[in-house]
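Q: Here you go, one structure.
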Amino acid sequence: MVSGEKFNLCLERSPVLDFGFLKQKIAEITAHGEAPPGTRPEQFLSAWLAEEFENLGLSVEVQKFTCASWLEKGVELLIDGKRVQAIAMPNSPSGYVEGELVHAGVGSSLNLSKVEGKIALAGMVPEDPDFVASQYTALVEAGALGVVFYDFATDVFRRIVIGYWPSHSEGPYAPAPIPAVAIKRESALQLLGNDNHHAQLSVKTEYLGDAESSNVIALNGEPSMLLTAHYDRWLSGVADDAVGVALLLLLAGEMLDRRDVGFVAFGAEEYGAPGYSAWYWSWGSRKYVEFAERRGELDGIMAVVNLDLPVRKPLTISASGPEYRDAVRELLGPDKLYELDSAYFDSFSFSRVGVPALTIHSMWKYIEYYHSDKDTIRSIEWDAGKLARECASKIVKSLADKKLRFFKYESLRAELLELLKRASAFSEPPQQLLEVLNTLEPSEKLYRELRRRLIGVVSGQISRPKPLATVLVPQLLIVDDLEAVKRVLEGSATVEALSAVEKRWLAYKGYELPALNLAPLASFLARMDPGARRAYLEEVLRSTRYWLDRVYVGLCSEIQAALSSEMRLRVEKG
């Protein structure tokens, strides 16, 4: 262990990132192998982190909570009598299956007609590694006995959580019914081209619905800002998220004189929601938010800065709303990528209840190694880690100096007005909505309500690989559909472009959003007489104004409700 005194002396000697310290901490974090939520390795890390923070002189609370836990106990895969190395996919049940192995396809191009009563071989896709859950669901419903996934990258094993999920809502859902494993791409390529394969698959796993995980909280006062990272991981997990945890310890040592910053290491980020939920991740941070809300501490958190996969440049900053995103862009400069907070990170547990939060990451630049055994220290770009540390420090310092003046509250209204300007090409927004927007004042209480009400996570057709997207007023995405139709009518796009106009859902809440869903009609429209097609699409534009007007009414109601809620809070607090 490195004592707080020695740690501070090290920092005083060198203002630059101490790579030796960082590598040492990463080695200690990963020394005990894979650390899934609710397992002994994760519990060991919780105790280790508590000691590390205490060695820095910080006050530590270990916040325990119940979580689901899954652990591989053993896998044996024989194909044509030869052993093929494989790993179980999280949520896979135990079981033994034997039968013909058939190649079902890659990504969404699955041939489901030939898998009944057989073991399916299916390829993952880099656009959305989590799409394996949708493939699994389709193969279960087609009658497969088991699933063998193979990777899109070379020479890697990858763990991705699978489940029997028809949507991205929180649930409830049934357990995964058939075993699922992953093999290397090279192993699968040797099998393709010949359908005459016999497979024997034995999987032993352990699932606990009442395991225990912990959030480790380190304080030196009453924090208004939180620096966070998660310490559980699949496979080697260096970027995801041993680097983030090591940086958290480094920043804690640098900020020992700050009483306004707290440090939280979350457990159960990769998995943990009970009941086989499709929204299985970020369970530890969700429990932290519940605890903080129950104890009346949530209102006192001005902002959250989360570190997860900060190992590639350009770094991406995913922030809870336009007002946080634009403020950070102005502070850090244009050489990074900026977006609304991503549902894939612990920061979103705060964003979904309105608390300003962001994650510094490089997830989509690191997708080749995501959740794989190649996520090792050799795959890290240390300059990105150094930059992430600098970004986190700058954000915290600027927030401490400016307080709520840091946020660019006008950005949210400007973005709403821009959305309404686009929508007005199809139907004019009501004057009442524009007047309500003009009453918005730069109040953090108000903007917490607006974030909670107006920002949502959107999922598309689960039959196609597409990551979840965070959107301001997702109901107004229907304007994208209308613009797509308009481009076809104007001749700037072909009718085939309408195959992308699909249904969409508000992900974790599980309800369908307004959408034209012309994709199933795209081939029919392409065969129509041009005049008849034009008349049909013009009628689509006319009829959809009704739905757009309903969106306006709903948006106006949400903003008015946010204003009323803020006014009530003002009265209650005198």
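Naming works like this for the structure tokens: A, B, ... for the chains as they're shown, residue 1 at the start of each chain, ligands 1 onward in shown order.
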Mind running segment 169-199 of chain A against segment 65-84 of chain A at 10 Å and telling me each contacting residue's nearest atom pair with the distance in Å (one decimal), counting only C-alpha atoms, chain and number ascending, as a tab-separated table?
A:
```
residue	atom	partner	partner_atom	distance
A:Val181	CA	A:Val75	CA	8.2
A:Ile183	CA	A:Val84	CA	7.7
A:Lys184	CA	A:Val84	CA	9.2
A:Ser187	CA	A:Val84	CA	7.3
A:Ala188	CA	A:Val84	CA	9.6
A:Leu191	CA	A:Ile79	CA	9.2
A:Asn196	CA	A:Asp80	CA	8.9
A:His197	CA	A:Asp80	CA	5.9
A:His198	CA	A:Asp80	CA	5.1
A:Ala199	CA	A:Ile79	CA	4.4
```
Q: Extract, using only C-alpha atoms, all DNA, RNA and protein residues at most 12 Å from Thr544 of chain A, discarding same-chain residues fewer than 3 positions from it, and format them as a list in words.
A: Ala423, Phe426, Ser427, Ile478, Val479, Asp481, Leu482, Glu483, Val485, Pro514, Ala515, Leu516, Asn517, Leu537, Glu538, Glu539, Val540, Leu541, Trp547, Leu548, Asp549, Arg550 and Val551 of chain A
Q: Using the selection just defined, write its residues with N, CA and C atoms as a tab-separated table (two decimals), in the first residue's frame.
A:
```
chain	number	residue	atom	x	y	z
A	423	ALA	N	-39.53	21.72	-36.54
A	423	ALA	CA	-40.89	21.16	-36.54
A	423	ALA	C	-41.89	22.09	-37.21
A	426	PHE	N	-43.59	21.79	-40.62
A	426	PHE	CA	-44.71	20.87	-40.84
A	426	PHE	C	-45.97	21.30	-40.11
A	427	SER	N	-45.79	21.94	-38.96
A	427	SER	CA	-46.93	22.47	-38.22
A	427	SER	C	-46.41	23.51	-37.23
A	478	ILE	N	-40.09	12.50	-34.29
A	478	ILE	CA	-40.99	12.33	-35.42
A	478	ILE	C	-40.69	13.36	-36.52
A	479	VAL	N	-40.08	14.47	-36.14
A	479	VAL	CA	-39.68	15.47	-37.14
A	479	VAL	C	-38.62	14.89	-38.08
A	481	ASP	N	-38.58	11.86	-39.09
A	481	ASP	CA	-39.35	11.06	-40.04
A	481	ASP	C	-39.98	11.95	-41.12
A	482	LEU	N	-40.55	13.06	-40.67
A	482	LEU	CA	-41.20	13.97	-41.61
A	482	LEU	C	-40.19	14.56	-42.59
A	483	GLU	N	-39.00	14.89	-42.07
A	483	GLU	CA	-37.96	15.43	-42.96
A	483	GLU	C	-37.50	14.38	-43.97
A	485	VAL	N	-39.39	12.02	-45.29
A	485	VAL	CA	-40.44	11.98	-46.31
A	485	VAL	C	-40.33	13.19	-47.23
A	514	PRO	N	-43.82	8.48	-30.76
A	514	PRO	CA	-44.40	8.77	-32.08
A	514	PRO	C	-43.37	8.53	-33.19
A	515	ALA	N	-43.77	7.79	-34.20
A	515	ALA	CA	-42.89	7.49	-35.33
A	515	ALA	C	-43.75	7.06	-36.52
A	516	LEU	N	-43.27	7.33	-37.73
A	516	LEU	CA	-44.04	6.98	-38.92
A	516	LEU	C	-43.94	5.50	-39.27
A	517	ASN	N	-42.82	4.86	-38.94
A	517	ASN	CA	-42.63	3.43	-39.20
A	517	ASN	C	-42.95	3.07	-40.65
A	537	LEU	N	-47.40	9.92	-49.96
A	537	LEU	CA	-46.46	10.56	-49.03
A	537	LEU	C	-46.93	11.96	-48.64
A	538	GLU	N	-47.59	12.66	-49.55
A	538	GLU	CA	-48.15	13.97	-49.20
A	538	GLU	C	-49.25	13.82	-48.15
A	539	GLU	N	-50.02	12.73	-48.26
A	539	GLU	CA	-51.06	12.47	-47.26
A	539	GLU	C	-50.43	12.11	-45.92
A	540	VAL	N	-49.28	11.40	-45.95
A	540	VAL	CA	-48.55	11.10	-44.72
A	540	VAL	C	-48.18	12.40	-44.00
A	541	LEU	N	-47.65	13.37	-44.75
A	541	LEU	CA	-47.27	14.64	-44.14
A	541	LEU	C	-48.48	15.36	-43.56
A	547	TRP	N	-50.37	14.33	-35.04
A	547	TRP	CA	-49.52	13.74	-34.02
A	547	TRP	C	-48.46	14.73	-33.54
A	548	LEU	N	-47.97	15.54	-34.46
A	548	LEU	CA	-46.99	16.56	-34.08
A	548	LEU	C	-47.64	17.59	-33.14
A	549	ASP	N	-48.88	17.96	-33.44
A	549	ASP	CA	-49.58	18.90	-32.55
A	549	ASP	C	-49.78	18.30	-31.17
A	550	ARG	N	-50.00	17.00	-31.09
A	550	ARG	CA	-50.12	16.34	-29.79
A	550	ARG	C	-48.79	16.38	-29.03
A	551	VAL	N	-47.69	16.24	-29.76
A	551	VAL	CA	-46.37	16.34	-29.13
A	551	VAL	C	-46.19	17.73	-28.54
```
Q: Using only C-alpha atoms, find the one residue out of A:Val106, A:Ala138, A:Leu417, A:Ala388 that sits nearest to Phe152 of chain A.
A: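 Once distances to Phe152 of chain A are computed over only C-alpha atoms, the minimum belongs to A:Val106.
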Q: Please provide the set of residues having any atom within 12 Å of Pro93 of chain A, restricted to only C-alpha atoms, with same-chain residues fewer than 3 positions apart removed, written as a ChimeraX atom specification.
A: /A:70-75,88-90,96-97,146-147,161-164,174-181,202-208,276
Q: Write out as an MDAnalysis selection string which residues come within 9 Å of segment 494-511 of chain A when counting only C-alpha atoms, dropping same-chain ones fewer than 6 positions away.
A: chainID A and resid 167:171 278:279 456:461 468 474:475 480:481 484:485 487:488 517:523 525:526
Q: Restricting the calculation to only C-alpha atoms: of A:Glu390, A:Asp241, A:Asp155, A:Asp335, which residue gets closest to Thr30 of chain A?
A: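 Among A:Glu390, A:Asp241, A:Asp155, A:Asp335, it is A:Asp241 that comes nearest to Thr30 of chain A.
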Q: From segment 150-389 of chain A, collect each residue whose DSSP state is helix (DSSP H, G or I) and return the set as a VMD selection string.
A: chain A and resid 185 to 189 238 to 254 283 to 294 298 to 300 322 to 332 347 to 351 363 to 365 377 to 379 382 to 389
Q: Please provide the set of residues having any atom within 8 Å of Val62 of chain A, restricted to only C-alpha atoms, with same-chain residues fewer than 4 positions apart removed, written as a list in words.
A: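 The residues satisfying every condition are Ser46, Ala50, Ser214, Asn215, Val216 and Ile217 of chain A.
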Q: Suppose we keep N, CA and C atoms; can you now write the selection as a PDB file, in the first residue's frame?
A:
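To be explicit, this is the file written out as part-v4.pdb:
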```
ATOM      1  N   SER A  46     -13.795  -4.013  -2.926  1.00  0.00           N
ATOM      2  CA  SER A  46     -14.493  -3.035  -2.094  1.00  0.00           C
ATOM      3  C   SER A  46     -13.695  -2.750  -0.822  1.00  0.00           C
ATOM      4  N   ALA A  50     -11.674   0.774   0.199  1.00  0.00           N
ATOM      5  CA  ALA A  50     -11.921   1.450   1.472  1.00  0.00           C
ATOM      6  C   ALA A  50     -10.605   1.737   2.186  1.00  0.00           C
ATOM      7  N   SER A 214     -21.254  -3.334  -3.054  1.00  0.00           N
ATOM      8  CA  SER A 214     -21.045  -2.139  -2.226  1.00  0.00           C
ATOM      9  C   SER A 214     -20.612  -0.952  -3.070  1.00  0.00           C
ATOM     10  N   ASN A 215     -21.027   0.216  -2.633  1.00  0.00           N
ATOM     11  CA  ASN A 215     -20.452   1.471  -3.100  1.00  0.00           C
ATOM     12  C   ASN A 215     -19.500   1.970  -2.016  1.00  0.00           C
ATOM     13  N   VAL A 216     -18.299   2.364  -2.423  1.00  0.00           N
ATOM     14  CA  VAL A 216     -17.304   2.861  -1.474  1.00  0.00           C
ATOM     15  C   VAL A 216     -17.242   4.375  -1.612  1.00  0.00           C
ATOM     16  N   ILE A 217     -17.599   5.078  -0.530  1.00  0.00           N
ATOM     17  CA  ILE A 217     -17.739   6.534  -0.544  1.00  0.00           C
ATOM     18  C   ILE A 217     -16.662   7.138   0.354  1.00  0.00           C
TER      19      ILE A 217
END
```
Q: Residues of segment 129-254 of chain A classed as strand (DSSP E or B) by DSSP on the backbone are to be reported as a PDB file with C-alpha atoms, in the first residue's frame.
A:
```
ATOM      1  CA  GLY A 146     -28.166 -23.378 -27.387  1.00  0.00           C
ATOM      2  CA  VAL A 147     -26.156 -20.525 -28.900  1.00  0.00           C
ATOM      3  CA  VAL A 148     -22.461 -20.259 -29.734  1.00  0.00           C
ATOM      4  CA  PHE A 149     -21.501 -16.646 -30.500  1.00  0.00           C
ATOM      5  CA  TYR A 150     -18.313 -15.762 -32.349  1.00  0.00           C
ATOM      6  CA  ARG A 158     -15.776 -11.323 -25.080  1.00  0.00           C
ATOM      7  CA  ALA A 180     -25.003 -19.412 -24.519  1.00  0.00           C
ATOM      8  CA  VAL A 181     -21.220 -19.202 -24.932  1.00  0.00           C
ATOM      9  CA  ALA A 182     -18.666 -17.229 -26.938  1.00  0.00           C
ATOM     10  CA  ILE A 183     -15.748 -18.533 -28.979  1.00  0.00           C
ATOM     11  CA  HIS A 197     -21.016 -30.282 -37.564  1.00  0.00           C
ATOM     12  CA  HIS A 198     -22.060 -31.946 -34.341  1.00  0.00           C
ATOM     13  CA  ALA A 199     -21.724 -29.996 -31.075  1.00  0.00           C
ATOM     14  CA  GLN A 200     -21.822 -30.953 -27.427  1.00  0.00           C
ATOM     15  CA  LEU A 201     -22.114 -28.017 -25.056  1.00  0.00           C
ATOM     16  CA  SER A 202     -21.936 -28.184 -21.262  1.00  0.00           C
ATOM     17  CA  VAL A 203     -22.263 -24.985 -19.226  1.00  0.00           C
ATOM     18  CA  LYS A 204     -22.121 -24.608 -15.455  1.00  0.00           C
ATOM     19  CA  THR A 205     -22.995 -21.214 -13.991  1.00  0.00           C
ATOM     20  CA  GLU A 206     -24.232 -19.760 -10.714  1.00  0.00           C
ATOM     21  CA  TYR A 207     -26.935 -17.103 -10.453  1.00  0.00           C
ATOM     22  CA  LEU A 208     -27.840 -15.447  -7.153  1.00  0.00           C
ATOM     23  CA  GLY A 209     -30.695 -12.982  -6.904  1.00  0.00           C
ATOM     24  CA  ASP A 210     -29.705 -11.887  -3.390  1.00  0.00           C
ATOM     25  CA  ALA A 211     -25.942 -11.337  -3.568  1.00  0.00           C
ATOM     26  CA  GLU A 212     -24.279  -8.298  -2.017  1.00  0.00           C
ATOM     27  CA  SER A 213     -22.284  -5.476  -3.584  1.00  0.00           C
ATOM     28  CA  SER A 214     -21.045  -2.139  -2.226  1.00  0.00           C
ATOM     29  CA  ASN A 215     -20.452   1.471  -3.100  1.00  0.00           C
ATOM     30  CA  VAL A 216     -17.304   2.861  -1.474  1.00  0.00           C
ATOM     31  CA  ILE A 217     -17.739   6.534  -0.544  1.00  0.00           C
ATOM     32  CA  ALA A 218     -14.792   8.689   0.560  1.00  0.00           C
ATOM     33  CA  LEU A 219     -15.319  12.196   1.960  1.00  0.00           C
ATOM     34  CA  MET A 225     -19.331  17.549  -6.374  1.00  0.00           C
ATOM     35  CA  LEU A 226     -18.662  13.849  -6.869  1.00  0.00           C
ATOM     36  CA  LEU A 227     -15.850  12.138  -8.760  1.00  0.00           C
ATOM     37  CA  THR A 228     -16.799   8.547  -9.553  1.00  0.00           C
ATOM     38  CA  ALA A 229     -15.759   5.303 -11.271  1.00  0.00           C
ATOM     39  CA  HIS A 230     -16.811   1.632 -11.068  1.00  0.00           C
ATOM     40  CA  ARG A 233     -15.505  -5.798 -14.316  1.00  0.00           C
TER      41      ARG A 233
END
```
Q: Kindly indicate which residue among A:Leu251, A:Leu513, A:Val289, A:Val125 lies nearest to Val355 of chain A, using only C-alpha atoms for the distances.
A: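 Ranked by minimum distance to Val355 of chain A, first place goes to A:Val289.
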Q: Work out how far apart atom CA of Val471 of chain A and atom CA of Ile455 of chain A are and give it in Å to one decimal.
A: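 It comes out at 5.7 Å.
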